[in-house]
Every structure is written in C-alpha cells, then in structure tokens.
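What follows is the content of query_28.pdb (PDB, C-alpha atoms, pLDDT in the B column).
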```
ATOM      1  CA  ALA X   1     107.443 -38.309  -9.398  1.00 70.00           C
ATOM      2  CA  GLN X   2     106.321 -41.637  -8.027  1.00 77.00           C
ATOM      3  CA  SER X   3     105.732 -44.713 -10.151  1.00 87.00           C
ATOM      4  CA  VAL X   4     104.776 -48.331  -9.600  1.00 92.00           C
ATOM      5  CA  THR X   5     105.757 -51.400 -11.582  1.00 94.00           C
ATOM      6  CA  GLN X   6     103.923 -54.669 -11.228  1.00 95.00           C
ATOM      7  CA  LEU X   7     106.228 -57.149 -12.834  1.00 89.00           C
ATOM      8  CA  ASP X   8     103.667 -59.780 -13.765  1.00 94.00           C
ATOM      9  CA  SER X   9     100.487 -59.062 -15.677  1.00 93.00           C
ATOM     10  CA  GLN X  10      99.120 -62.532 -14.976  1.00 96.00           C
ATOM     11  CA  VAL X  11      99.940 -65.181 -12.363  1.00 97.00           C
ATOM     12  CA  PRO X  12      98.333 -68.617 -12.684  1.00 97.00           C
ATOM     13  CA  VAL X  13      98.521 -70.885  -9.653  1.00 97.00           C
ATOM     14  CA  PHE X  14      96.862 -74.021  -8.359  1.00 97.00           C
ATOM     15  CA  GLU X  15      94.580 -73.962  -5.350  1.00 97.00           C
ATOM     16  CA  GLU X  16      96.360 -74.317  -1.975  1.00 97.00           C
ATOM     17  CA  ALA X  17      99.708 -73.332  -3.507  1.00 97.00           C
ATOM     18  CA  PRO X  18     101.619 -70.274  -2.254  1.00 98.00           C
ATOM     19  CA  VAL X  19     101.715 -67.131  -4.347  1.00 98.00           C
ATOM     20  CA  GLU X  20     103.767 -63.947  -4.555  1.00 97.00           C
ATOM     21  CA  LEU X  21     102.723 -60.893  -6.570  1.00 98.00           C
ATOM     22  CA  ARG X  22     105.576 -58.528  -7.192  1.00 97.00           C
ATOM     23  CA  CYS X  23     105.573 -54.747  -6.907  1.00 97.00           C
ATOM     24  CA  ASN X  24     108.409 -52.258  -7.231  1.00 96.00           C
ATOM     25  CA  TYR X  25     108.131 -48.523  -6.847  1.00 93.00           C
ATOM     26  CA  SER X  26     110.239 -45.461  -7.471  1.00 89.00           C
ATOM     27  CA  SER X  27     110.127 -42.349  -5.341  1.00 80.00           C
ATOM     28  CA  SER X  28     112.569 -39.784  -4.003  1.00 73.00           C
ATOM     29  CA  VAL X  29     110.762 -39.322  -0.690  1.00 78.00           C
ATOM     30  CA  SER X  30     109.111 -41.414   1.960  1.00 81.00           C
ATOM     31  CA  VAL X  31     106.126 -43.362   0.761  1.00 85.00           C
ATOM     32  CA  TYR X  32     102.956 -45.086   1.777  1.00 88.00           C
ATOM     33  CA  LEU X  33     102.303 -48.382   0.013  1.00 91.00           C
ATOM     34  CA  PHE X  34      99.056 -50.209  -0.634  1.00 93.00           C
ATOM     35  CA  TRP X  35      97.624 -53.339  -2.168  1.00 96.00           C
ATOM     36  CA  TYR X  36      94.079 -53.328  -3.456  1.00 95.00           C
ATOM     37  CA  VAL X  37      91.990 -56.192  -4.846  1.00 96.00           C
ATOM     38  CA  GLN X  38      89.363 -55.912  -7.560  1.00 94.00           C
ATOM     39  CA  TYR X  39      86.874 -58.722  -8.061  1.00 93.00           C
ATOM     40  CA  PRO X  40      85.022 -58.937 -11.391  1.00 88.00           C
ATOM     41  CA  ASN X  41      82.632 -56.052 -11.942  1.00 84.00           C
ATOM     42  CA  GLN X  42      83.507 -54.520  -8.585  1.00 87.00           C
ATOM     43  CA  GLY X  43      85.414 -51.514  -7.345  1.00 89.00           C
ATOM     44  CA  LEU X  44      88.796 -51.722  -5.635  1.00 92.00           C
ATOM     45  CA  GLN X  45      88.987 -52.849  -2.025  1.00 93.00           C
ATOM     46  CA  LEU X  46      91.951 -52.270   0.274  1.00 92.00           C
ATOM     47  CA  LEU X  47      93.850 -55.459   1.182  1.00 95.00           C
ATOM     48  CA  LEU X  48      96.603 -53.933   3.290  1.00 94.00           C
ATOM     49  CA  LYS X  49      98.779 -50.862   3.659  1.00 91.00           C
ATOM     50  CA  TYR X  50     102.219 -49.876   4.880  1.00 91.00           C
ATOM     51  CA  LEU X  51     102.537 -46.473   6.524  1.00 86.00           C
ATOM     52  CA  SER X  52     105.453 -46.895   8.934  1.00 85.00           C
ATOM     53  CA  GLY X  53     106.801 -49.251  11.565  1.00 87.00           C
ATOM     54  CA  SER X  54     107.022 -52.996  11.008  1.00 89.00           C
ATOM     55  CA  THR X  55     107.961 -53.827   7.446  1.00 90.00           C
ATOM     56  CA  LEU X  56     105.765 -56.939   7.452  1.00 95.00           C
ATOM     57  CA  VAL X  57     102.149 -55.976   7.029  1.00 95.00           C
ATOM     58  CA  LYS X  58      99.226 -58.341   7.403  1.00 96.00           C
ATOM     59  CA  GLY X  59      95.964 -57.730   5.612  1.00 94.00           C
ATOM     60  CA  ILE X  60      92.591 -59.301   5.029  1.00 92.00           C
ATOM     61  CA  ASN X  61      91.961 -62.742   3.570  1.00 92.00           C
ATOM     62  CA  GLY X  62      95.319 -64.110   4.767  1.00 95.00           C
ATOM     63  CA  PHE X  63      97.466 -61.836   2.603  1.00 97.00           C
ATOM     64  CA  GLU X  64     100.653 -60.159   3.783  1.00 97.00           C
ATOM     65  CA  ALA X  65     103.271 -57.913   2.229  1.00 97.00           C
ATOM     66  CA  GLU X  66     106.794 -56.893   3.108  1.00 96.00           C
ATOM     67  CA  PHE X  67     108.234 -53.442   2.595  1.00 94.00           C
ATOM     68  CA  ASN X  68     111.853 -53.567   1.462  1.00 93.00           C
ATOM     69  CA  LYS X  69     113.280 -50.070   1.280  1.00 90.00           C
ATOM     70  CA  SER X  70     116.657 -51.052  -0.145  1.00 91.00           C
ATOM     71  CA  GLN X  71     115.012 -52.921  -3.003  1.00 92.00           C
ATOM     72  CA  THR X  72     112.090 -50.472  -3.270  1.00 93.00           C
ATOM     73  CA  SER X  73     109.692 -53.396  -3.277  1.00 95.00           C
ATOM     74  CA  PHE X  74     106.387 -54.275  -1.654  1.00 96.00           C
ATOM     75  CA  HIS X  75     105.593 -57.832  -2.715  1.00 97.00           C
ATOM     76  CA  LEU X  76     102.285 -59.441  -1.774  1.00 98.00           C
ATOM     77  CA  ARG X  77     102.193 -63.035  -0.537  1.00 98.00           C
ATOM     78  CA  LYS X  78      99.759 -65.680   0.558  1.00 98.00           C
ATOM     79  CA  PRO X  79     100.870 -69.121   1.778  1.00 97.00           C
ATOM     80  CA  SER X  80      97.855 -71.000   0.413  1.00 97.00           C
ATOM     81  CA  VAL X  81      95.445 -69.570  -2.140  1.00 97.00           C
ATOM     82  CA  HIS X  82      91.806 -70.373  -2.675  1.00 97.00           C
ATOM     83  CA  ILE X  83      89.670 -70.285  -5.803  1.00 96.00           C
ATOM     84  CA  SER X  84      87.956 -67.200  -4.388  1.00 95.00           C
ATOM     85  CA  ASP X  85      91.258 -65.290  -4.497  1.00 97.00           C
ATOM     86  CA  THR X  86      90.969 -65.105  -8.282  1.00 97.00           C
ATOM     87  CA  ALA X  87      90.919 -61.360  -8.952  1.00 97.00           C
ATOM     88  CA  GLU X  88      92.954 -58.386 -10.140  1.00 96.00           C
ATOM     89  CA  TYR X  89      95.489 -57.041  -7.642  1.00 97.00           C
ATOM     90  CA  PHE X  90      96.799 -53.495  -7.703  1.00 96.00           C
ATOM     91  CA  CYS X  91      99.824 -52.077  -5.970  1.00 95.00           C
ATOM     92  CA  ALA X  92      99.764 -48.340  -5.221  1.00 92.00           C
ATOM     93  CA  VAL X  93     102.144 -45.749  -3.783  1.00 89.00           C
ATOM     94  CA  SER X  94     101.657 -42.262  -2.414  1.00 85.00           C
ATOM     95  CA  GLU X  95     104.365 -39.821  -1.473  1.00 79.00           C
ATOM     96  CA  GLY X  96     105.073 -37.596   1.466  1.00 66.00           C
ATOM     97  CA  GLY X  97     102.017 -38.399   3.520  1.00 61.00           C
ATOM     98  CA  SER X  98      99.595 -37.150   0.922  1.00 65.00           C
ATOM     99  CA  TYR X  99      97.122 -39.785  -0.049  1.00 64.00           C
ATOM    100  CA  ILE X 100      97.015 -39.280  -3.798  1.00 77.00           C
ATOM    101  CA  PRO X 101      98.061 -42.739  -4.932  1.00 82.00           C
ATOM    102  CA  THR X 102      99.597 -43.857  -8.155  1.00 86.00           C
ATOM    103  CA  PHE X 103      98.457 -47.328  -9.169  1.00 90.00           C
ATOM    104  CA  GLY X 104     100.334 -50.067 -10.968  1.00 93.00           C
ATOM    105  CA  ARG X 105      98.875 -51.757 -14.037  1.00 92.00           C
ATOM    106  CA  GLY X 106      97.571 -54.661 -11.990  1.00 94.00           C
ATOM    107  CA  THR X 107      98.287 -58.389 -11.764  1.00 96.00           C
ATOM    108  CA  SER X 108      95.617 -60.904 -12.609  1.00 96.00           C
ATOM    109  CA  LEU X 109      95.755 -63.810 -10.145  1.00 97.00           C
ATOM    110  CA  ILE X 110      94.125 -66.913 -11.578  1.00 97.00           C
ATOM    111  CA  VAL X 111      93.642 -69.805  -9.179  1.00 97.00           C
ATOM    112  CA  HIS X 112      93.008 -73.191 -10.787  1.00 96.00           C
ATOM    113  CA  PRO X 113      91.358 -76.115  -8.991  1.00 94.00           C
TER     114      PRO X 113
ATOM    115  CA  ASP O   1      76.831 -47.161   5.394  1.00 63.00           C
ATOM    116  CA  ALA O   2      75.993 -48.004   1.782  1.00 79.00           C
ATOM    117  CA  GLY O   3      79.456 -47.108   0.563  1.00 93.00           C
ATOM    118  CA  VAL O   4      80.249 -44.994  -2.474  1.00 96.00           C
ATOM    119  CA  ILE O   5      77.319 -45.067  -4.871  1.00 96.00           C
ATOM    120  CA  GLN O   6      77.766 -44.542  -8.590  1.00 97.00           C
ATOM    121  CA  SER O   7      75.130 -44.293 -11.279  1.00 97.00           C
ATOM    122  CA  PRO O   8      74.480 -45.538 -13.811  1.00 97.00           C
ATOM    123  CA  ARG O   9      76.327 -48.877 -13.606  1.00 95.00           C
ATOM    124  CA  HIS O  10      76.314 -49.167 -17.373  1.00 96.00           C
ATOM    125  CA  GLU O  11      75.956 -46.516 -20.049  1.00 97.00           C
ATOM    126  CA  VAL O  12      75.887 -46.971 -23.798  1.00 97.00           C
ATOM    127  CA  THR O  13      75.762 -43.832 -25.878  1.00 97.00           C
ATOM    128  CA  GLU O  14      76.411 -42.670 -29.389  1.00 97.00           C
ATOM    129  CA  MET O  15      79.442 -40.665 -30.344  1.00 97.00           C
ATOM    130  CA  GLY O  16      78.829 -36.960 -29.950  1.00 97.00           C
ATOM    131  CA  GLN O  17      76.295 -37.296 -27.158  1.00 97.00           C
ATOM    132  CA  GLU O  18      76.731 -35.821 -23.703  1.00 97.00           C
ATOM    133  CA  VAL O  19      77.328 -38.291 -20.882  1.00 98.00           C
ATOM    134  CA  THR O  20      76.962 -37.570 -17.175  1.00 98.00           C
ATOM    135  CA  LEU O  21      78.264 -39.936 -14.528  1.00 98.00           C
ATOM    136  CA  ARG O  22      77.171 -39.505 -10.939  1.00 98.00           C
ATOM    137  CA  CYS O  23      78.723 -40.248  -7.574  1.00 98.00           C
ATOM    138  CA  LYS O  24      77.560 -40.102  -3.981  1.00 98.00           C
ATOM    139  CA  PRO O  25      80.531 -40.364  -1.597  1.00 96.00           C
ATOM    140  CA  ILE O  26      80.403 -41.874   1.855  1.00 95.00           C
ATOM    141  CA  SER O  27      78.836 -39.462   4.307  1.00 94.00           C
ATOM    142  CA  GLY O  28      81.474 -37.500   6.226  1.00 92.00           C
ATOM    143  CA  HIS O  29      84.232 -38.067   3.688  1.00 92.00           C
ATOM    144  CA  ASN O  30      85.926 -34.850   2.605  1.00 90.00           C
ATOM    145  CA  SER O  31      87.937 -36.077  -0.370  1.00 90.00           C
ATOM    146  CA  LEU O  32      86.571 -37.415  -3.636  1.00 93.00           C
ATOM    147  CA  PHE O  33      88.430 -38.921  -6.581  1.00 94.00           C
ATOM    148  CA  TRP O  34      87.448 -39.802 -10.145  1.00 96.00           C
ATOM    149  CA  TYR O  35      89.450 -42.557 -11.858  1.00 95.00           C
ATOM    150  CA  ARG O  36      89.290 -44.071 -15.324  1.00 96.00           C
ATOM    151  CA  GLN O  37      90.247 -47.693 -15.954  1.00 93.00           C
ATOM    152  CA  THR O  38      91.148 -49.062 -19.392  1.00 92.00           C
ATOM    153  CA  MET O  39      93.088 -52.061 -20.589  1.00 87.00           C
ATOM    154  CA  MET O  40      95.609 -49.842 -22.343  1.00 87.00           C
ATOM    155  CA  ARG O  41      96.337 -47.331 -19.587  1.00 87.00           C
ATOM    156  CA  GLY O  42      95.275 -49.072 -16.396  1.00 88.00           C
ATOM    157  CA  LEU O  43      93.844 -46.960 -13.570  1.00 91.00           C
ATOM    158  CA  GLU O  44      94.273 -43.212 -14.072  1.00 91.00           C
ATOM    159  CA  LEU O  45      93.395 -40.435 -11.645  1.00 92.00           C
ATOM    160  CA  LEU O  46      91.342 -37.826 -13.486  1.00 95.00           C
ATOM    161  CA  ILE O  47      90.572 -35.320 -10.747  1.00 95.00           C
ATOM    162  CA  TYR O  48      90.252 -35.046  -7.012  1.00 90.00           C
ATOM    163  CA  PHE O  49      88.285 -32.743  -4.745  1.00 93.00           C
ATOM    164  CA  ASN O  50      88.874 -31.770  -1.156  1.00 90.00           C
ATOM    165  CA  ASN O  51      85.975 -30.156   0.711  1.00 92.00           C
ATOM    166  CA  ASN O  52      84.120 -29.844  -2.620  1.00 94.00           C
ATOM    167  CA  VAL O  53      86.962 -27.854  -4.210  1.00 94.00           C
ATOM    168  CA  PRO O  54      88.862 -29.283  -7.185  1.00 93.00           C
ATOM    169  CA  ILE O  55      92.490 -29.578  -6.094  1.00 89.00           C
ATOM    170  CA  ASP O  56      94.125 -31.261  -9.063  1.00 88.00           C
ATOM    171  CA  ASP O  57      92.523 -31.819 -12.455  1.00 91.00           C
ATOM    172  CA  SER O  58      95.732 -32.449 -14.342  1.00 89.00           C
ATOM    173  CA  GLY O  59      94.570 -35.959 -15.162  1.00 90.00           C
ATOM    174  CA  MET O  60      91.506 -34.799 -17.064  1.00 94.00           C
ATOM    175  CA  PRO O  61      92.258 -35.820 -20.648  1.00 87.00           C
ATOM    176  CA  GLU O  62      90.897 -32.763 -22.434  1.00 86.00           C
ATOM    177  CA  ASP O  63      88.325 -30.000 -22.370  1.00 91.00           C
ATOM    178  CA  ARG O  64      85.547 -32.401 -23.269  1.00 95.00           C
ATOM    179  CA  PHE O  65      85.761 -33.666 -19.692  1.00 97.00           C
ATOM    180  CA  SER O  66      84.469 -31.670 -16.739  1.00 97.00           C
ATOM    181  CA  ALA O  67      83.733 -32.512 -13.124  1.00 97.00           C
ATOM    182  CA  LYS O  68      81.771 -30.760 -10.427  1.00 97.00           C
ATOM    183  CA  MET O  69      81.072 -31.231  -6.771  1.00 97.00           C
ATOM    184  CA  PRO O  70      78.231 -28.857  -5.836  1.00 96.00           C
ATOM    185  CA  ASN O  71      77.974 -30.233  -2.308  1.00 95.00           C
ATOM    186  CA  ALA O  72      79.565 -32.777   0.011  1.00 94.00           C
ATOM    187  CA  SER O  73      77.232 -35.565  -1.036  1.00 95.00           C
ATOM    188  CA  PHE O  74      77.282 -35.393  -4.824  1.00 96.00           C
ATOM    189  CA  SER O  75      79.690 -35.185  -7.737  1.00 98.00           C
ATOM    190  CA  THR O  76      79.360 -35.470 -11.501  1.00 98.00           C
ATOM    191  CA  LEU O  77      81.762 -36.248 -14.297  1.00 98.00           C
ATOM    192  CA  LYS O  78      80.574 -35.020 -17.677  1.00 98.00           C
ATOM    193  CA  ILE O  79      81.864 -35.797 -21.147  1.00 97.00           C
ATOM    194  CA  GLN O  80      80.658 -33.573 -23.962  1.00 97.00           C
ATOM    195  CA  PRO O  81      80.878 -34.559 -26.739  1.00 96.00           C
ATOM    196  CA  SER O  82      81.685 -38.206 -26.113  1.00 96.00           C
ATOM    197  CA  GLU O  83      84.000 -40.219 -28.381  1.00 96.00           C
ATOM    198  CA  PRO O  84      84.582 -43.972 -28.768  1.00 96.00           C
ATOM    199  CA  ARG O  85      87.998 -43.658 -27.100  1.00 95.00           C
ATOM    200  CA  ASP O  86      86.246 -42.518 -23.924  1.00 96.00           C
ATOM    201  CA  SER O  87      84.911 -46.050 -23.479  1.00 97.00           C
ATOM    202  CA  ALA O  88      86.180 -47.251 -20.099  1.00 97.00           C
ATOM    203  CA  VAL O  89      85.128 -47.984 -16.549  1.00 95.00           C
ATOM    204  CA  TYR O  90      84.941 -44.826 -14.472  1.00 97.00           C
ATOM    205  CA  PHE O  91      85.379 -45.129 -10.722  1.00 96.00           C
ATOM    206  CA  CYS O  92      84.557 -42.680  -8.007  1.00 96.00           C
ATOM    207  CA  ALA O  93      86.297 -43.025  -4.632  1.00 94.00           C
ATOM    208  CA  SER O  94      86.135 -41.098  -1.377  1.00 93.00           C
ATOM    209  CA  SER O  95      88.233 -40.848   1.763  1.00 88.00           C
ATOM    210  CA  PRO O  96      87.732 -39.074   5.077  1.00 84.00           C
ATOM    211  CA  ASN O  97      90.333 -36.442   4.116  1.00 70.00           C
ATOM    212  CA  VAL O  98      93.216 -35.995   1.712  1.00 60.00           C
ATOM    213  CA  LEU O  99      95.703 -37.269   4.281  1.00 64.00           C
ATOM    214  CA  ASN O 100      93.697 -40.345   5.028  1.00 61.00           C
ATOM    215  CA  THR O 101      95.358 -43.562   4.096  1.00 70.00           C
ATOM    216  CA  GLU O 102      92.577 -45.432   2.373  1.00 80.00           C
ATOM    217  CA  ALA O 103      90.175 -44.680  -0.457  1.00 85.00           C
ATOM    218  CA  PHE O 104      86.805 -46.366  -0.701  1.00 90.00           C
ATOM    219  CA  PHE O 105      85.747 -47.149  -4.247  1.00 93.00           C
ATOM    220  CA  GLY O 106      82.350 -47.339  -5.851  1.00 94.00           C
ATOM    221  CA  GLN O 107      81.453 -50.177  -8.185  1.00 93.00           C
ATOM    222  CA  GLY O 108      82.138 -48.101 -11.261  1.00 94.00           C
ATOM    223  CA  THR O 109      80.270 -47.022 -14.365  1.00 97.00           C
ATOM    224  CA  ARG O 110      81.046 -48.951 -17.532  1.00 96.00           C
ATOM    225  CA  LEU O 111      80.790 -46.470 -20.395  1.00 98.00           C
ATOM    226  CA  THR O 112      80.572 -47.600 -23.993  1.00 98.00           C
ATOM    227  CA  VAL O 113      80.570 -44.979 -26.731  1.00 97.00           C
ATOM    228  CA  VAL O 114      79.579 -46.344 -30.131  1.00 97.00           C
TER     229      VAL O 114
END
```
Serialized structure, structure tokens:
Amino acid sequence: AQSVTQLDSQVPVFEEAPVELRCNYSSSVSVYLFWYVQYPNQGLQLLLKYLSGSTLVKGINGFEAEFNKSQTSFHLRKPSVHISDTAEYFCAVSEGGSYIPTFGRGTSLIVHP
Amino acid sequence: DAGVIQSPRHEVTEMGQEVTLRCKPISGHNSLFWYRQTMMRGLELLIYFNNNVPIDDSGMPEDRFSAKMPNASFSTLKIQPSEPRDSAVYFCASSPNVLNTEAFFGQGTRLTVV
C-alpha cells in the first residue's frame, strides 16, 4: 500500500527567501505524485503533478518539484516566497495509474514579512 | 464552470441528529470523491464513485455514514446519528474519470456536532 510522509508540519520563512517542503513516499509500483495547496477556508487546488518524463516539474505560482526515484522523494521548492504563499501544502501519491490518491498530513508554510 | 459546489458551507448540529451534506460535481466529470479533514487524521478518503456507482467505501468510518449518488450531478453524504467526533471539514472532489490525474475540490462543509 502507498503512503506519504511530509517531514515538516510547519515551515516558517521570511518573504523573498527560498523554501523547500519535503515529501517522501513509499510504494511498490510506479506512482503519480502531486502537490496541492489549501488556502484558509478553501478546498485543495493542484499546484503541480508528476506522471512521467522529466523529473523536474514546474507548477503554478512559481513552484517546482523534483521526482527522485532512488530516494522516493518529491520535494517542493520555490526560489523566492511571497506573503500570499502562506497556506497548507499537501503531497499526494497514487499507484499504478489509478487516480485514487493518498495524501500526506500537510505542511503549513508561514511566510513572515 | 462554477467548480464543485458543496452545501452547506457550515453546519452545526446536536449529537444524535441526522446530517446531510450535498455536492454538485463539475459537469461532465465521471468520478466523485468524499474526503474528511481533521487535525488528528489529516485528509481521509471516505468513498469514491465512478459513473454514479460506489467503487470503494472502505474509508467510511462506520454504519452511521452513508453516501449516495443518484445521478451524475448530485451526491450526498449522510451521518445518522451524528456524534461529536464527526466534527470535521468534509470535502467533495470530482475528476473527469478515475484515471484522470487531477481532482477538483469543493470548498468544503465545516461540520460541528455539539
């Protein structure tokens, strides 16, 4: 069975600083990987996804993530964050081409001025 | 498109009462998911439908929970009787089909059982 571990429950950072949100997964088969963002009192919105091909995936709002199969990781990065990036970020994995994702517990990104 | 529409946005009810949460998926989407989000357990998949048929309800916590999808444009999640531990945010999501690679989420229903 698939599982996702988000290593940090909360990441505080100053505005314009770079940030990395960590995600590791476990699965015995090929996977699809996703990052979603949840703003306060909103539903989840897809940031980016890895299906196949290039391991570096670019998403909306300047975010990118890199799939590392050997380390079973899919860390999310942004070179310069903005106050508006303050939100909850969820990593998710689905196995074998079937989109029934398992979500991590989420990482709260807090951007300080 | 208006996106996935959930109602009500907030629900406060007394323990023992029946609660019905509603969801209208995006038109043309064939798959529908119900999730529950709590601080303790994070985001849990309760049930998903494909072409209005329940495919996997193994995430439904117990018999007090039931979900239906009578047609392609409407689904309900019912809790009867409700208990304080059911307090959570319930999300509905839809995708064009079960092999699609993105789910579109509604804004959620915040349920408080007192």
* Point-to-point distance in Å for CA of Lys69 in chain X and CA of Ala93 in chain O ->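 Separation between CA of Ala93 in chain O and CA of Lys69 in chain X: 28.5 Å.
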* Could you spell out the hits of the PyMOL selection byres ((chain O and resi 57-61) around 7) on the shown file, as a PyMOL selection string? -> chain O and resi 45-48+54-56+62+65
Would you tabulate, counting only C-alpha atoms, all residues of chain O that have an atom at most 9 Å from an atom of chain X, showing the closest pair of atoms and their distance in Å to one decimal, sorted by chain then ascending number, as JSON lines?
```
{"residue": "O:Met39", "atom": "CA", "partner": "X:Arg105", "partner_atom": "CA", "distance": 8.7}
{"residue": "O:Arg41", "atom": "CA", "partner": "X:Arg105", "partner_atom": "CA", "distance": 7.5}
{"residue": "O:Gly42", "atom": "CA", "partner": "X:Arg105", "partner_atom": "CA", "distance": 5.1}
{"residue": "O:Leu43", "atom": "CA", "partner": "X:Phe103", "partner_atom": "CA", "distance": 6.4}
{"residue": "O:Glu44", "atom": "CA", "partner": "X:Phe103", "partner_atom": "CA", "distance": 7.6}
{"residue": "O:Leu45", "atom": "CA", "partner": "X:Thr102", "partner_atom": "CA", "distance": 7.9}
{"residue": "O:Tyr48", "atom": "CA", "partner": "X:Ile100", "partner_atom": "CA", "distance": 8.6}
{"residue": "O:Phe91", "atom": "CA", "partner": "X:Gly43", "partner_atom": "CA", "distance": 7.2}
{"residue": "O:Cys92", "atom": "CA", "partner": "X:Gly43", "partner_atom": "CA", "distance": 8.9}
{"residue": "O:Ala93", "atom": "CA", "partner": "X:Gly43", "partner_atom": "CA", "distance": 9.0}
{"residue": "O:Asn97", "atom": "CA", "partner": "X:Tyr99", "partner_atom": "CA", "distance": 8.6}
{"residue": "O:Val98", "atom": "CA", "partner": "X:Tyr99", "partner_atom": "CA", "distance": 5.7}
{"residue": "O:Leu99", "atom": "CA", "partner": "X:Ser98", "partner_atom": "CA", "distance": 5.1}
{"residue": "O:Asn100", "atom": "CA", "partner": "X:Tyr99", "partner_atom": "CA", "distance": 6.1}
{"residue": "O:Thr101", "atom": "CA", "partner": "X:Tyr99", "partner_atom": "CA", "distance": 5.9}
{"residue": "O:Glu102", "atom": "CA", "partner": "X:Leu46", "partner_atom": "CA", "distance": 7.2}
{"residue": "O:Ala103", "atom": "CA", "partner": "X:Leu46", "partner_atom": "CA", "distance": 7.8}
{"residue": "O:Phe104", "atom": "CA", "partner": "X:Gln45", "partner_atom": "CA", "distance": 7.0}
{"residue": "O:Phe105", "atom": "CA", "partner": "X:Gly43", "partner_atom": "CA", "distance": 5.4}
{"residue": "O:Gly106", "atom": "CA", "partner": "X:Gly43", "partner_atom": "CA", "distance": 5.4}
{"residue": "O:Gln107", "atom": "CA", "partner": "X:Gly43", "partner_atom": "CA", "distance": 4.3}
{"residue": "O:Gly108", "atom": "CA", "partner": "X:Gly43", "partner_atom": "CA", "distance": 6.1}
```
* Asked: Using the chain letters and numbers from the file, which residues does the PyMOL selection byres ((chain X and resi 112) around 10) grab, as a VMD selection string?
  -> chain X and resid 12 to 17 81 to 83 86 109 to 111 113
* Around (85.7, -46.1, -18.6) in the file's frame, which residues reach within 10 Å when counting all atoms listed in the file? Return as number ranges by chain? -> O: 10-11, 35-39, 43, 85-91, 108-113
Saved selection, atoms kept: C-alpha atoms, as an mmCIF file, in the coordinates of the input:
```
data_model
loop_
_atom_site.group_PDB
_atom_site.id
_atom_site.type_symbol
_atom_site.label_atom_id
_atom_site.label_comp_id
_atom_site.auth_asym_id
_atom_site.auth_seq_id
_atom_site.Cartn_x
_atom_site.Cartn_y
_atom_site.Cartn_z
ATOM 1 C CA HIS O 10 76.314 -49.167 -17.373
ATOM 2 C CA GLU O 11 75.956 -46.516 -20.049
ATOM 3 C CA TYR O 35 89.450 -42.557 -11.858
ATOM 4 C CA ARG O 36 89.290 -44.071 -15.324
ATOM 5 C CA GLN O 37 90.247 -47.693 -15.954
ATOM 6 C CA THR O 38 91.148 -49.062 -19.392
ATOM 7 C CA MET O 39 93.088 -52.061 -20.589
ATOM 8 C CA LEU O 43 93.844 -46.960 -13.570
ATOM 9 C CA ARG O 85 87.998 -43.658 -27.100
ATOM 10 C CA ASP O 86 86.246 -42.518 -23.924
ATOM 11 C CA SER O 87 84.911 -46.050 -23.479
ATOM 12 C CA ALA O 88 86.180 -47.251 -20.099
ATOM 13 C CA VAL O 89 85.128 -47.984 -16.549
ATOM 14 C CA TYR O 90 84.941 -44.826 -14.472
ATOM 15 C CA PHE O 91 85.379 -45.129 -10.722
ATOM 16 C CA GLY O 108 82.138 -48.101 -11.261
ATOM 17 C CA THR O 109 80.270 -47.022 -14.365
ATOM 18 C CA ARG O 110 81.046 -48.951 -17.532
ATOM 19 C CA LEU O 111 80.790 -46.470 -20.395
ATOM 20 C CA THR O 112 80.572 -47.600 -23.993
ATOM 21 C CA VAL O 113 80.570 -44.979 -26.731
#
```
* So what does the PyMOL selection byres ((chain O and resi 30) around 7) actually pick up in this one, as a list in words? -> Gly28, His29, Ser31, Leu32, Asn50, Asn51, Ser95, Pro96 and Asn97 of chain O
* Distance CA of Ser30 in chain X-CA of Asn52 in chain O, one decimal place? ->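 Calculated distance between CA of Ser30 in chain X and CA of Asn52 in chain O is 27.9 Å.
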* Asked: Hey, can you pull every residue with an atom no more than 9 Å from (75.9, -33.3, -18.8), using all atoms listed in the file, and send it as a PyMOL selection string?
  -> chain O and resi 18-21+66+76-80
* Asked: To one decimal place, how far is CA of Cys23 in chain O from CA of Arg9 in chain O in Å?
  ->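 Separating CA of Cys23 in chain O from CA of Arg9 in chain O is a distance of 10.8 Å.
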